Amino acid sequence: MENSEKTKDELLREVSDLREQVTSGGDKTCPAPLDVLSIEESINFFDSIIAAITEPILILNSDLKCVFANRSFSEMFDIESSSIKDVSVYDIGKGLLDLKGLRDLLEELLSIHRDFDGYEVNFELINIGERTMSLNATDVHQKSNAERLLLLSFFDITEQKKAEKKQREDEKKYRTLFEASRDAIMTLEPPDWSFTAGNPATIKMFRCESEADFTSKQPWLLSPQYQPDGQVSVLKAKEMIDRAIENGSNYFEWIHKRLDGEEFPATVLLSRIELKGKTLLQGTVRDITGRKQVEDELRTHRFRLEEIVRERTIELEESERKYRTLVEQSHDGIYIYGGNRFLFVNDRLCDLMLYSRDELLNMEFSELIHPDDREMINDNGIIKESFSEVPNVFTVRMIRGDGESRHIELSVRSLTYSGEDAILGVARDITILKKLEEEHRRIEKLESLGLLAGGIAHDFNNFLTVIMGNISLARAMVEPGSDLYEILTSSEHAASKASNLPRQLLTFSRGGYPVKSSVSIARILRDSADFALSGSMVTAEYSIADDLKQVIVDEEQIGQVISSIVINAQQAMPDGGRVCISAENILILENNSVAIPEGQYVMVRIKDEGYGIEKDHLSRVFDPFFTTKQNGTGLGLATSYSIIRKHRGHIKVETEAGKGSTFIIYIPADIPSVISETHEPGPEKLSGGKILVMDDHELVRETVMTMLKRLGYKVDSATDGNEAIEKYRTGINASEPYNAVILDLTVPNGMGGLETMKELRKIDPDVTAIVSSGYSNAPVIADYSTYGFAGVMMKPYSISQLSDLLRDIFGE
């Protein structure tokens, strides 16, 4: 043909030819009604068939121009079929199909009649986004080169590609797990079930040189000839494999053999897997040598226990009286349980559970178990295997007759009692031990936080010293009563209050010592509570014993504890209420429920009428930074806990949601003793005194020097102990000694105040020194005079505080 455009008559002739081929026997499956259709009806019939095909289709002529596009093509590519008729395939959709690879394939199809399929292209479609298509092309009419028709079809393989990608990712994850597993993982392939792969743990377990070395070995080389039950390893292995293939998996114990001949016990999990159309087995092997050793030891111990039980049973038959004497004198509860009832209980178990013997003998074991632990125990009173590795010794919570839950350690074993299978159990109350363990964990948590808090507080107080010192200096330079004076006064107060935060943090520090004295706890309770509740709708009611003993405490720290608890109580009663505060003397005996040393204590109870503490939060109320308040810091109760612990006391809380909370504090009482008070006269103040300041922080040095100069002293400075010692020695040699030395306690990477003081006392036994620190983590802060210091200056401080201390030291 001269051009590629076909008239309707030409298309009718082609359909007629096609129909003639079909009716002449070319395709016996073609529907008979086609033979009776008119030519025009046939064209419409085939058009409707092609239009109904769900895959996009283009029919091209030999010039690669579009003759026909079905509805699926139009819908998917958002192109009207009428708009692309007689349009080159490369111009469709603004060059959508102008692809070099497609050009080459279509040219081959035209030139050498080579159909193609599977040409993949990514399209960005307006309606459905990015899709991956597989393009196929074939000759559908080859009467002559000029009249050839090419069918170009599009298959959406986007989901297939995603599935292939996911499969590759899954295979990568599996390979990662395979390589990183601590268990030996290997694959076996039929028919002889030889090894095809093994992970690094497999190579190590069987002591092979490489994976290739492992897969080259026959499976029977990795097992001894016989298994412990006497079966031949090869035959038993086939049985285990058949079971795994039939059931999908098989878990069992096996004796394996390393290449060096060493045998070892293992657990084996054989799992049937499908890989690339093949049925394989994956084996997971775990060396249980250690577990078997423990089991052997437990078995030996169990056999010994059973022997003892048999001996005791004979003794029971021979002398019931002797047996009962031994059992009833035991410090542990002893019982025999069988047939869903107690057959015997000793007196100690009755005392432990607060039930009479008759009551216990009519109870089932499950009735004594805490509801949350019942699923752990079977009907015989033995822990289920999934809850304990050592089934004959375990711990559960049991409910006593008064409703209290106790942690009980049970040791059980099987025996025959009066001809029946039964369980002999020994019950020991370990509630106090559990509390001690929880206390130890809480202490470790606080001490870890204390190390961090101490470092923060040290730096924070250094900066506060500079801020507070300079504010106090500036305030001293302006006229009292002026606006600037009031602003500076307010700023100094704010800086002073800011120092409370590092003081709270410092209570966490391990080894921080309270500065204790014998005081009236009643006064602390009243002062702290009244101050905390001032201006609120909550009132305090007191019940203080007349003979209440004094306590030896750090008054400021204990006041902080009381304030923190009372403030929490006030916040729990936003509509007002009462806080009931009581204090009484109490004698704590040995092995007490609060796990503190025996002795005389003062017990303080602070009870509110608030909404209480949720059960889930109760175990965390003393944890650092735990809070349920929107603006809370979570430091209050944690600080209180730390303070009471450092006073060798105890704090706990009793609460019920919706019914308020009661905090109970135990503080060691002061044992009355004769206290002699002696006062050594302070050194005489020297007019125009000279002071040496040692501090590693430059801003602190400059601030303190400025304050001292303002107070009328001559001042020198040193950055560390070595420089301070040298300057002090030089001053003595020049007959210009220093009247006092202010030493920073902690100097990173240098000699601190304590070591410096030791050296200064060698030079001058009468040296007047003041220890200064922003971090009270050493006994010297609480007992500075023992170390030769004349006073202590805790950072941050103002010029007035510094002046007061120097006035006290110099006796002014």
# chains A, B, ... in the order shown; residues from 1 in each chain; ligands from 1

$ select_by_dssp --residues "region 542-667 of chain A" --states "alpha helix (DSSP H)" --output "list of chain:residue names"
A:Glu555, A:Glu556, A:Gln557, A:Ile558, A:Gly559, A:Gln560, A:Val561, A:Ile562, A:Ser563, A:Ser564, A:Ile565, A:Val566, A:Ile567, A:Asn568, A:Ala569, A:Gln570, A:Gln571, A:Gly636, A:Leu637, A:Ala638, A:Thr639, A:Ser640, A:Tyr641, A:Ser642, A:Ile643, A:Ile644, A:Arg645, A:Lys646

$ residues_around --residues "Gln560 (chain A)" --least-positions-apart "3" --cutoff "8 Å" --atoms "only C-alpha atoms" --output "list in words"
Ser528, Glu556, Gln557, Ser563, Ser564 and Ser640 of chain A

$ select_by_dssp --residues "region 414-601 of chain A" --states "strand (DSSP E or B)" --output "MDAnalysis selection string"
chainID A and resid 414:417 420:429 517:519 538:544 551:553 577:588 599:601

$ write_last_selection --atoms "N, CA and C atoms" --output "tab-separated table (two decimals), in the first residue's frame"
chain	number	residue	atom	x	y	z
A	414	SER	N	8.42	-34.62	95.17
A	414	SER	CA	7.39	-35.66	95.18
A	414	SER	C	7.71	-36.72	96.22
A	415	LEU	N	6.67	-37.30	96.80
A	415	LEU	CA	6.85	-38.41	97.73
A	415	LEU	C	5.57	-39.22	97.77
A	416	THR	N	5.64	-40.36	98.43
A	416	THR	CA	4.46	-41.19	98.66
A	416	THR	C	4.08	-41.06	100.12
A	417	TYR	N	2.87	-40.63	100.37
A	417	TYR	CA	2.40	-40.38	101.74
A	417	TYR	C	1.12	-41.17	101.96
A	420	GLU	N	-0.32	-42.61	98.90
A	420	GLU	CA	-0.76	-41.71	97.83
A	420	GLU	C	0.42	-40.87	97.32
A	421	ASP	N	0.37	-40.53	96.02
A	421	ASP	CA	1.34	-39.59	95.48
A	421	ASP	C	1.05	-38.20	96.04
A	422	ALA	N	2.08	-37.56	96.53
A	422	ALA	CA	1.88	-36.26	97.16
A	422	ALA	C	3.11	-35.38	96.94
A	423	ILE	N	3.01	-34.15	97.42
A	423	ILE	CA	4.09	-33.18	97.33
A	423	ILE	C	4.48	-32.75	98.74
A	424	LEU	N	5.76	-32.85	99.04
A	424	LEU	CA	6.29	-32.32	100.29
A	424	LEU	C	6.83	-30.92	100.00
A	425	GLY	N	6.35	-29.93	100.73
A	425	GLY	CA	6.76	-28.56	100.49
A	425	GLY	C	7.31	-27.90	101.74
A	426	VAL	N	8.31	-27.04	101.53
A	426	VAL	CA	8.89	-26.23	102.60
A	426	VAL	C	8.69	-24.77	102.21
A	427	ALA	N	8.04	-24.01	103.09
A	427	ALA	CA	7.70	-22.62	102.79
A	427	ALA	C	8.49	-21.69	103.68
A	428	ARG	N	9.16	-20.71	103.05
A	428	ARG	CA	9.97	-19.74	103.80
A	428	ARG	C	9.55	-18.33	103.40
A	429	ASP	N	9.26	-17.50	104.38
A	429	ASP	CA	8.86	-16.12	104.12
A	429	ASP	C	10.10	-15.28	103.81
A	517	SER	N	22.58	17.52	114.22
A	517	SER	CA	22.58	17.98	115.61
A	517	SER	C	21.31	17.45	116.26
A	518	SER	N	21.30	17.42	117.60
A	518	SER	CA	20.13	16.92	118.33
A	518	SER	C	19.07	18.01	118.36
A	519	VAL	N	17.90	17.74	117.76
A	519	VAL	CA	16.85	18.74	117.64
A	519	VAL	C	15.50	18.12	117.97
A	538	VAL	N	-5.84	24.21	102.93
A	538	VAL	CA	-5.58	22.97	103.67
A	538	VAL	C	-5.05	23.33	105.05
A	539	THR	N	-5.57	22.65	106.08
A	539	THR	CA	-5.12	22.88	107.46
A	539	THR	C	-4.39	21.65	107.98
A	540	ALA	N	-3.54	21.89	108.97
A	540	ALA	CA	-2.77	20.81	109.57
A	540	ALA	C	-3.28	20.52	110.96
A	541	GLU	N	-3.42	19.23	111.28
A	541	GLU	CA	-3.78	18.79	112.63
A	541	GLU	C	-2.64	17.96	113.19
A	542	TYR	N	-2.25	18.25	114.43
A	542	TYR	CA	-1.07	17.60	115.00
A	542	TYR	C	-1.46	16.69	116.16
A	543	SER	N	-0.77	15.58	116.23
A	543	SER	CA	-0.90	14.66	117.37
A	543	SER	C	0.51	14.24	117.75
A	544	ILE	N	1.14	15.02	118.64
A	544	ILE	CA	2.54	14.82	119.00
A	544	ILE	C	2.61	14.27	120.43
A	551	VAL	N	15.79	13.93	118.05
A	551	VAL	CA	16.45	13.16	116.99
A	551	VAL	C	17.72	13.88	116.58
A	552	ILE	N	18.70	13.12	116.13
A	552	ILE	CA	19.95	13.71	115.63
A	552	ILE	C	19.87	13.77	114.12
A	553	VAL	N	19.62	14.94	113.58
A	553	VAL	CA	19.38	15.08	112.14
A	553	VAL	C	19.97	16.39	111.65
A	577	GLY	N	-8.83	20.67	102.64
A	577	GLY	CA	-8.91	19.46	103.42
A	577	GLY	C	-7.98	19.53	104.62
A	578	ARG	N	-7.69	18.36	105.20
A	578	ARG	CA	-6.83	18.28	106.37
A	578	ARG	C	-5.61	17.42	106.10
A	579	VAL	N	-4.50	17.81	106.71
A	579	VAL	CA	-3.31	16.97	106.76
A	579	VAL	C	-3.08	16.62	108.23
A	580	CYS	N	-3.18	15.35	108.56
A	580	CYS	CA	-3.02	14.88	109.94
A	580	CYS	C	-1.58	14.44	110.14
A	581	ILE	N	-0.88	15.11	111.07
A	581	ILE	CA	0.54	14.83	111.32
A	581	ILE	C	0.68	14.35	112.76
A	582	SER	N	1.25	13.14	112.90
A	582	SER	CA	1.46	12.58	114.24
A	582	SER	C	2.91	12.14	114.38
A	583	ALA	N	3.37	12.08	115.65
A	583	ALA	CA	4.73	11.62	115.93
A	583	ALA	C	4.72	10.91	117.27
A	584	GLU	N	5.39	9.77	117.35
A	584	GLU	CA	5.46	9.01	118.58
A	584	GLU	C	6.75	8.21	118.62
A	585	ASN	N	7.14	7.82	119.83
A	585	ASN	CA	8.31	6.96	120.00
A	585	ASN	C	7.92	5.53	119.67
A	586	ILE	N	8.87	4.78	119.11
A	586	ILE	CA	8.60	3.39	118.76
A	586	ILE	C	9.88	2.58	118.89
A	587	LEU	N	9.76	1.37	119.38
A	587	LEU	CA	10.89	0.44	119.50
A	587	LEU	C	10.82	-0.54	118.34
A	588	ILE	N	11.84	-0.54	117.51
A	588	ILE	CA	11.90	-1.46	116.36
A	588	ILE	C	12.74	-2.67	116.77
A	599	GLY	N	16.17	-0.80	117.36
A	599	GLY	CA	16.54	0.32	118.20
A	599	GLY	C	15.37	1.26	118.42
A	600	GLN	N	15.66	2.41	119.08
A	600	GLN	CA	14.66	3.42	119.37
A	600	GLN	C	14.51	4.36	118.18
A	601	TYR	N	13.26	4.60	117.76
A	601	TYR	CA	12.97	5.46	116.63
A	601	TYR	C	11.83	6.41	116.98

$ residues_around --residues "Lys384 (chain A)" --least-positions-apart "6" --cutoff "12 Å" --atoms "only C-alpha atoms" --output "VMD selection string"
chain A and resid 373 to 378 390 to 394 396

$ residues_around --residues "region 486-494 of chain A" --least-positions-apart "3" --cutoff "10 Å" --atoms "only C-alpha atoms" --output "ChimeraX atom specification"
/A:467-476,478-483,497-499,797-798
